[in-house]
Number of protein chains: 2
Amino acid sequence: LGILVSSVVIILHSNYEILCVRCSRRTSNTLAYRCEHCGGILQVRINKDFSVKDIIKEEYSLWRYRNFYPYINEDSIISLGEGLTPHIKFSKDLYLKLEYMNPTGSFKDRGSSVLISAIKELIGPETFIAEDSSGNAGASIAAYAAFAEIRAQIYVPENVSGRKFEQIRAYGAEITKVSGERVKITEEAMKQERNKVYIGHVYHPIFRDGIRTLAYEIYEQLGFKAPEIIFLPVSAGTLLMGVIDGFVHLKESDAIEALPRIIACQTEQVSPLYHALKGREYKPKKKIKSIADALISTDPPLLEPMIEKMKRIDGDAVIVNEREILEAYWKLAKKGIFIEPSSAVAYAGYQKYEGKRKNAVVILTGNGLKTELLSKK
Amino acid sequence: LGILVSSVVIILHSNYEILCVRCSRRTSNTLAYRCEHCGGILQVRINKDFSVKDIIKEEYSLWRYRNFYPYINEDSIISLGEGLTPHIKFSKDLYLKLEYMNPTGSFKDRGSSVLISAIKELIGPETFIAEDSSGNAGASIAAYAAFAEIRAQIYVPENVSGRKFEQIRAYGAEITKVSGERVKITEEAMKQERNKVYIGHVYHPIFRDGIRTLAYEIYEQLGFKAPEIIFLPVSAGTLLMGVIDGFVHLKESDAIEALPRIIACQTEQVSPLYHALKGREYKPKKKIKSIADALISTDPPLLEPMIEKMKRIDGDAVIVNEREILEAYWKLAKKGIFIEPSSAVAYAGYQKYEGKRKNAVVILTGNGLKTELLSKK
């Protein structure tokens, strides 16, 4: 029996690897959020081709792609119906991918569903998971932990308020308020404690890996084709990296001939990736004040891997100002598409971008009900 | 050519009828919201069997059932991705149908999408549609009108506030505030004016007919079976009547052997249907004050047809009090299901119901982000 069990383990593991983007060493610990050797960022790699016949067509959530998640045990899936969000034609050359129609109102639910499903069995009744976010990720992790009946501790800034925090409380998560800068909150959440497992969404490779499904969906919803260009908002980088990974997987599987051009959309104030890609120095203001209040990562831990990935695939970036964001927000709302201001950054980026933008997709990430209605000026 | 055109019309019309529930007279006017002869409520009837092979499986919205909407021209479809909402297993004998995951956060989007698609071609640039609702229906109609580029005038109470009203404004609808009781707002919206078309969701037969898709989805998502029992909140009655129509259609098409038992869930304060079905007198308080603030129809225009339909299918009803609603709201939120308090009435009804309730579905109608978070007591 011992031999049987270990050979099963080997078969499962051969379909994927979790490896460090810096030192390339592997780990088999699905709870690890950074390299145990060098502290580097971890990345999941799937050693199995994407194939249309492996899509489970009768499953109307992102779990229709579960055959491409070899580390998930089917019986452990925690699903609130995330994914398979609408992909609607908005104008002749533009589709909108409505990620705000996920269970908690943002694309983060893809990451949460896959991550919580992957680790659920490893979290005993005494153990709790720790996440640092007072925004969409915090609300999403709180919801999936609640559904999985896992204790969740969400670390938030001392002066937190707003509807996303309300959502975190609704899901019954435990809250720890931390004073000081953003990085302090992460440090506090990461601090080793008895029975605590840090699963911070920015770091955890499996959270990011869940977002890969978004690429598969765009491909499937376009009739098994890639678009020519995709616009998406970038802050911490989980969305960007997940979407790139998905399309690279499709390309390496010969499902598509060419990668779509990926355009990272950032605000003038918070744009480290844009500046890095354009070879310009980035000096953020001490105090960020933008209507795009979910895009706050002036110094994202994933910056290096983001730059590396974007250069490899010849991605581009665009920045938009407050007026352009507000205009995009209202333009979409008045067409029946109500999103949070931070999500309007991607559409503003699309409108501003000067390159060729035919056959485009804009990813709209968060629900307009999550923030107070902005005034028109 | 004249002959050709009129024979096409005849073919289209033979698949459905719009008839008065009181005098049984037919109309071919898809803009009519009540019988032109006797003022009675209108009802759509489909003269085409439901058949699994006619589902358009590659369409991931309620428009997968468009073959059962013979009055819709495919090129006129106005879709924001409504329908095909998740249907998740919550416990051994209970599924939840997550209707709050529609584009504007409520089941009303089914009605709006079908209604606006049906009438779009009849609304010229000078014409505007009128709806009376400061809640989910108002927000939903506003969104679909915006997407269809139709002018919408939404009639609301003078003292309106809250997030649903915010949503109506976001979609750019024109607003008319009306002082006085609820019925005054309807009267004002119905008042005949130049270029105005009243499409009030409570009256309009095509709005209600869109909700029929919800029955098809439950059936399909249960593997082409009907559940034994369904719990849903009832106020104006559009949800109830639409769901019954859908299951009756499935039954008449021999797709299911027996209808599910339909349980109308109401609040103690607002429960005209419950009282009628139980043969008890209903005297609402002058001033309704409930956390279920979307369930306000103490004297619904659809009451008679609701009673008639419920008696015909042997439906039942249950009422719940404020404490039970609050408990249901928190119980679901702490399991990752965040809905508005009015929607918790259905789950409270499920918990309270004393009949057999195996193989049950509870329909959860509105998103929790649409109302402020309730305190726990």
# chains A, B, ... in the order shown; residues from 1 in each chain; ligands from 1

$ interface_residues --of "chain B" --to "chain A" --cutoff "6 Å" --atoms "only C-alpha atoms" --output "list in words"
Gly81, Pro86, Ala143, Ala146, Phe147, Ala170, Tyr171, Gly172, Ala333, Lys334, Lys335 and Gly336 of chain B

$ select_by_dssp --residues "region 13-117 of chain A" --states "strand (DSSP E)" --output "ChimeraX atom specification"
/A:16-20,26-27,42-46,87-91,94-98

$ write_last_selection --atoms "N, CA and C atoms" --output "PDB file, in the first residue's frame"
ATOM      1  N   TYR A  16       2.623  19.174 -12.309  1.00  0.00           N
ATOM      2  CA  TYR A  16       2.851  20.588 -12.002  1.00  0.00           C
ATOM      3  C   TYR A  16       4.072  20.722 -11.108  1.00  0.00           C
ATOM      4  N   GLU A  17       4.558  21.931 -11.045  1.00  0.00           N
ATOM      5  CA  GLU A  17       5.666  22.250 -10.147  1.00  0.00           C
ATOM      6  C   GLU A  17       5.393  23.610  -9.519  1.00  0.00           C
ATOM      7  N   ILE A  18       5.886  23.777  -8.288  1.00  0.00           N
ATOM      8  CA  ILE A  18       5.905  25.123  -7.714  1.00  0.00           C
ATOM      9  C   ILE A  18       7.375  25.487  -7.582  1.00  0.00           C
ATOM     10  N   LEU A  19       7.789  26.522  -8.281  1.00  0.00           N
ATOM     11  CA  LEU A  19       9.222  26.840  -8.237  1.00  0.00           C
ATOM     12  C   LEU A  19       9.482  28.318  -8.026  1.00  0.00           C
ATOM     13  N   CYS A  20      10.684  28.581  -7.542  1.00  0.00           N
ATOM     14  CA  CYS A  20      11.079  29.947  -7.207  1.00  0.00           C
ATOM     15  C   CYS A  20      11.511  30.673  -8.475  1.00  0.00           C
ATOM     16  N   ARG A  26      12.522  23.986  -6.361  1.00  0.00           N
ATOM     17  CA  ARG A  26      11.136  23.553  -6.282  1.00  0.00           C
ATOM     18  C   ARG A  26      10.683  23.368  -4.830  1.00  0.00           C
ATOM     19  N   THR A  27       9.389  23.463  -4.624  1.00  0.00           N
ATOM     20  CA  THR A  27       8.829  23.070  -3.337  1.00  0.00           C
ATOM     21  C   THR A  27       7.607  22.197  -3.600  1.00  0.00           C
ATOM     22  N   LEU A  42       7.278  32.617  -5.557  1.00  0.00           N
ATOM     23  CA  LEU A  42       7.012  31.287  -6.112  1.00  0.00           C
ATOM     24  C   LEU A  42       6.032  31.378  -7.281  1.00  0.00           C
ATOM     25  N   GLN A  43       6.129  30.390  -8.133  1.00  0.00           N
ATOM     26  CA  GLN A  43       5.277  30.382  -9.326  1.00  0.00           C
ATOM     27  C   GLN A  43       4.862  28.939  -9.596  1.00  0.00           C
ATOM     28  N   VAL A  44       3.568  28.733  -9.919  1.00  0.00           N
ATOM     29  CA  VAL A  44       3.121  27.395 -10.302  1.00  0.00           C
ATOM     30  C   VAL A  44       3.395  27.205 -11.797  1.00  0.00           C
ATOM     31  N   ARG A  45       3.887  26.035 -12.175  1.00  0.00           N
ATOM     32  CA  ARG A  45       4.025  25.721 -13.604  1.00  0.00           C
ATOM     33  C   ARG A  45       3.309  24.404 -13.883  1.00  0.00           C
ATOM     34  N   ILE A  46       2.468  24.416 -14.917  1.00  0.00           N
ATOM     35  CA  ILE A  46       1.665  23.237 -15.260  1.00  0.00           C
ATOM     36  C   ILE A  46       2.364  22.478 -16.374  1.00  0.00           C
ATOM     37  N   HIS A  87     -18.843  38.020 -21.178  1.00  0.00           N
ATOM     38  CA  HIS A  87     -17.867  38.598 -22.093  1.00  0.00           C
ATOM     39  C   HIS A  87     -18.727  39.214 -23.185  1.00  0.00           C
ATOM     40  N   ILE A  88     -18.955  40.520 -23.074  1.00  0.00           N
ATOM     41  CA  ILE A  88     -19.969  41.107 -23.957  1.00  0.00           C
ATOM     42  C   ILE A  88     -19.355  42.034 -24.991  1.00  0.00           C
ATOM     43  N   LYS A  89     -20.000  42.069 -26.130  1.00  0.00           N
ATOM     44  CA  LYS A  89     -19.546  42.940 -27.219  1.00  0.00           C
ATOM     45  C   LYS A  89     -20.019  44.352 -26.893  1.00  0.00           C
ATOM     46  N   PHE A  90     -19.067  45.261 -26.836  1.00  0.00           N
ATOM     47  CA  PHE A  90     -19.410  46.623 -26.432  1.00  0.00           C
ATOM     48  C   PHE A  90     -19.429  47.561 -27.630  1.00  0.00           C
ATOM     49  N   SER A  91     -18.540  47.321 -28.558  1.00  0.00           N
ATOM     50  CA  SER A  91     -18.547  48.073 -29.808  1.00  0.00           C
ATOM     51  C   SER A  91     -17.871  47.189 -30.850  1.00  0.00           C
ATOM     52  N   LEU A  94     -14.464  45.900 -29.703  1.00  0.00           N
ATOM     53  CA  LEU A  94     -14.175  45.805 -28.267  1.00  0.00           C
ATOM     54  C   LEU A  94     -15.143  44.896 -27.520  1.00  0.00           C
ATOM     55  N   TYR A  95     -14.563  43.958 -26.797  1.00  0.00           N
ATOM     56  CA  TYR A  95     -15.323  43.157 -25.836  1.00  0.00           C
ATOM     57  C   TYR A  95     -14.976  43.596 -24.426  1.00  0.00           C
ATOM     58  N   LEU A  96     -15.960  43.511 -23.527  1.00  0.00           N
ATOM     59  CA  LEU A  96     -15.703  43.758 -22.106  1.00  0.00           C
ATOM     60  C   LEU A  96     -15.838  42.428 -21.368  1.00  0.00           C
ATOM     61  N   LYS A  97     -14.871  42.124 -20.526  1.00  0.00           N
ATOM     62  CA  LYS A  97     -14.946  40.916 -19.706  1.00  0.00           C
ATOM     63  C   LYS A  97     -15.386  41.365 -18.313  1.00  0.00           C
ATOM     64  N   LEU A  98     -16.597  40.957 -17.931  1.00  0.00           N
ATOM     65  CA  LEU A  98     -17.243  41.508 -16.735  1.00  0.00           C
ATOM     66  C   LEU A  98     -16.863  40.736 -15.469  1.00  0.00           C
TER      67      LEU A  98
END

$ residues_around --residues "Arg357 (chain B)" --least-positions-apart "6" --cutoff "12 Å" --atoms "only C-alpha atoms" --output "PyMOL selection string"
chain B and resi 92-95+227-231+260-263+349-351

$ closest_residue --among "A:Ile185, A:Met310, A:Leu115, A:Val362" --to "Val248 (chain A)" --atoms "only C-alpha atoms"
A:Met310

$ closest_residue --among "A:Ile56, A:Ala130, A:Ile72, A:Ile307" --to "Leu273 (chain A)" --atoms "only C-alpha atoms"
A:Ile307

$ residues_around --residues "Leu214 (chain A)" --least-positions-apart "2" --cutoff "10 Å" --atoms "only C-alpha atoms" --output "ChimeraX atom specification"
/A:62,83-85,97,99,107,110,210-212,216-220,239,242-244,246-247,363

$ write_last_selection --atoms "N, CA and C atoms" --output "PDB file, in the first residue's frame"
ATOM      1  N   LEU A  62     -15.474  28.534 -13.128  1.00  0.00           N
ATOM      2  CA  LEU A  62     -14.094  28.339 -13.599  1.00  0.00           C
ATOM      3  C   LEU A  62     -13.631  26.898 -13.432  1.00  0.00           C
ATOM      4  N   GLY A  83     -16.218  32.730 -11.807  1.00  0.00           N
ATOM      5  CA  GLY A  83     -15.795  32.475 -13.187  1.00  0.00           C
ATOM      6  C   GLY A  83     -16.949  32.322 -14.157  1.00  0.00           C
ATOM      7  N   LEU A  84     -16.595  32.048 -15.409  1.00  0.00           N
ATOM      8  CA  LEU A  84     -17.533  32.054 -16.527  1.00  0.00           C
ATOM      9  C   LEU A  84     -18.356  33.358 -16.498  1.00  0.00           C
ATOM     10  N   THR A  85     -17.653  34.440 -16.234  1.00  0.00           N
ATOM     11  CA  THR A  85     -18.296  35.764 -16.207  1.00  0.00           C
ATOM     12  C   THR A  85     -18.613  36.196 -17.640  1.00  0.00           C
ATOM     13  N   LYS A  97     -14.871  42.124 -20.526  1.00  0.00           N
ATOM     14  CA  LYS A  97     -14.946  40.916 -19.706  1.00  0.00           C
ATOM     15  C   LYS A  97     -15.386  41.365 -18.313  1.00  0.00           C
ATOM     16  N   GLU A  99     -15.658  40.941 -15.022  1.00  0.00           N
ATOM     17  CA  GLU A  99     -15.173  40.233 -13.843  1.00  0.00           C
ATOM     18  C   GLU A  99     -15.837  40.695 -12.550  1.00  0.00           C
ATOM     19  N   PHE A 107     -12.626  40.039  -9.485  1.00  0.00           N
ATOM     20  CA  PHE A 107     -11.878  38.934 -10.091  1.00  0.00           C
ATOM     21  C   PHE A 107     -11.100  38.124  -9.059  1.00  0.00           C
ATOM     22  N   ARG A 110     -11.490  34.282  -8.279  1.00  0.00           N
ATOM     23  CA  ARG A 110     -10.807  33.185  -8.983  1.00  0.00           C
ATOM     24  C   ARG A 110      -9.648  32.665  -8.136  1.00  0.00           C
ATOM     25  N   GLY A 210      -4.906  30.763  -9.811  1.00  0.00           N
ATOM     26  CA  GLY A 210      -6.350  30.684 -10.067  1.00  0.00           C
ATOM     27  C   GLY A 210      -6.794  31.654 -11.159  1.00  0.00           C
ATOM     28  N   ILE A 211      -6.057  32.736 -11.296  1.00  0.00           N
ATOM     29  CA  ILE A 211      -6.438  33.792 -12.240  1.00  0.00           C
ATOM     30  C   ILE A 211      -6.141  33.397 -13.688  1.00  0.00           C
ATOM     31  N   ARG A 212      -5.289  32.403 -13.846  1.00  0.00           N
ATOM     32  CA  ARG A 212      -5.058  31.790 -15.148  1.00  0.00           C
ATOM     33  C   ARG A 212      -6.361  31.431 -15.885  1.00  0.00           C
ATOM     34  N   TYR A 216      -8.241  31.465 -20.123  1.00  0.00           N
ATOM     35  CA  TYR A 216      -8.955  30.365 -20.789  1.00  0.00           C
ATOM     36  C   TYR A 216     -10.363  30.809 -21.195  1.00  0.00           C
ATOM     37  N   GLU A 217     -11.004  31.555 -20.287  1.00  0.00           N
ATOM     38  CA  GLU A 217     -12.374  31.981 -20.574  1.00  0.00           C
ATOM     39  C   GLU A 217     -12.455  32.949 -21.747  1.00  0.00           C
ATOM     40  N   ILE A 218     -11.555  33.924 -21.764  1.00  0.00           N
ATOM     41  CA  ILE A 218     -11.555  34.883 -22.876  1.00  0.00           C
ATOM     42  C   ILE A 218     -11.370  34.110 -24.181  1.00  0.00           C
ATOM     43  N   TYR A 219     -10.440  33.187 -24.171  1.00  0.00           N
ATOM     44  CA  TYR A 219     -10.166  32.335 -25.333  1.00  0.00           C
ATOM     45  C   TYR A 219     -11.413  31.538 -25.727  1.00  0.00           C
ATOM     46  N   GLU A 220     -12.039  30.916 -24.752  1.00  0.00           N
ATOM     47  CA  GLU A 220     -13.227  30.108 -25.066  1.00  0.00           C
ATOM     48  C   GLU A 220     -14.393  30.989 -25.533  1.00  0.00           C
ATOM     49  N   LEU A 239      -3.462  39.992 -11.137  1.00  0.00           N
ATOM     50  CA  LEU A 239      -4.275  39.859 -12.338  1.00  0.00           C
ATOM     51  C   LEU A 239      -3.377  39.750 -13.567  1.00  0.00           C
ATOM     52  N   GLY A 242      -1.389  36.399 -13.651  1.00  0.00           N
ATOM     53  CA  GLY A 242      -2.278  35.267 -13.889  1.00  0.00           C
ATOM     54  C   GLY A 242      -2.740  35.207 -15.340  1.00  0.00           C
ATOM     55  N   VAL A 243      -3.119  36.349 -15.895  1.00  0.00           N
ATOM     56  CA  VAL A 243      -3.607  36.392 -17.280  1.00  0.00           C
ATOM     57  C   VAL A 243      -2.478  36.028 -18.245  1.00  0.00           C
ATOM     58  N   ILE A 244      -1.292  36.570 -18.006  1.00  0.00           N
ATOM     59  CA  ILE A 244      -0.152  36.214 -18.875  1.00  0.00           C
ATOM     60  C   ILE A 244       0.109  34.713 -18.809  1.00  0.00           C
ATOM     61  N   GLY A 246      -1.838  32.306 -18.192  1.00  0.00           N
ATOM     62  CA  GLY A 246      -2.873  31.564 -18.906  1.00  0.00           C
ATOM     63  C   GLY A 246      -2.652  31.588 -20.409  1.00  0.00           C
ATOM     64  N   PHE A 247      -2.375  32.767 -20.947  1.00  0.00           N
ATOM     65  CA  PHE A 247      -2.172  32.850 -22.407  1.00  0.00           C
ATOM     66  C   PHE A 247      -0.875  32.168 -22.836  1.00  0.00           C
ATOM     67  N   ILE A 363     -10.668  44.204 -19.387  1.00  0.00           N
ATOM     68  CA  ILE A 363     -11.092  43.431 -18.218  1.00  0.00           C
ATOM     69  C   ILE A 363     -11.580  44.389 -17.136  1.00  0.00           C
TER      70      ILE A 363
END

$ residues_around --residues "Ser51 (chain B)" --least-positions-apart "5" --cutoff "9 Å" --atoms "only C-alpha atoms" --output "number ranges by chain"
B: 250, 253-255

$ select_by_dssp --residues "region 15-156 of chain A" --states "helix (DSSP H, G or I)" --output "ChimeraX atom specification"
/A:52-54,62-68,74-76,99-101,108-122,136-148

$ closest_residue --among "A:Arg66, A:Arg280, A:Lys251, A:Arg34" --to "Ala118 (chain A)" --atoms "only C-alpha atoms"
A:Arg66
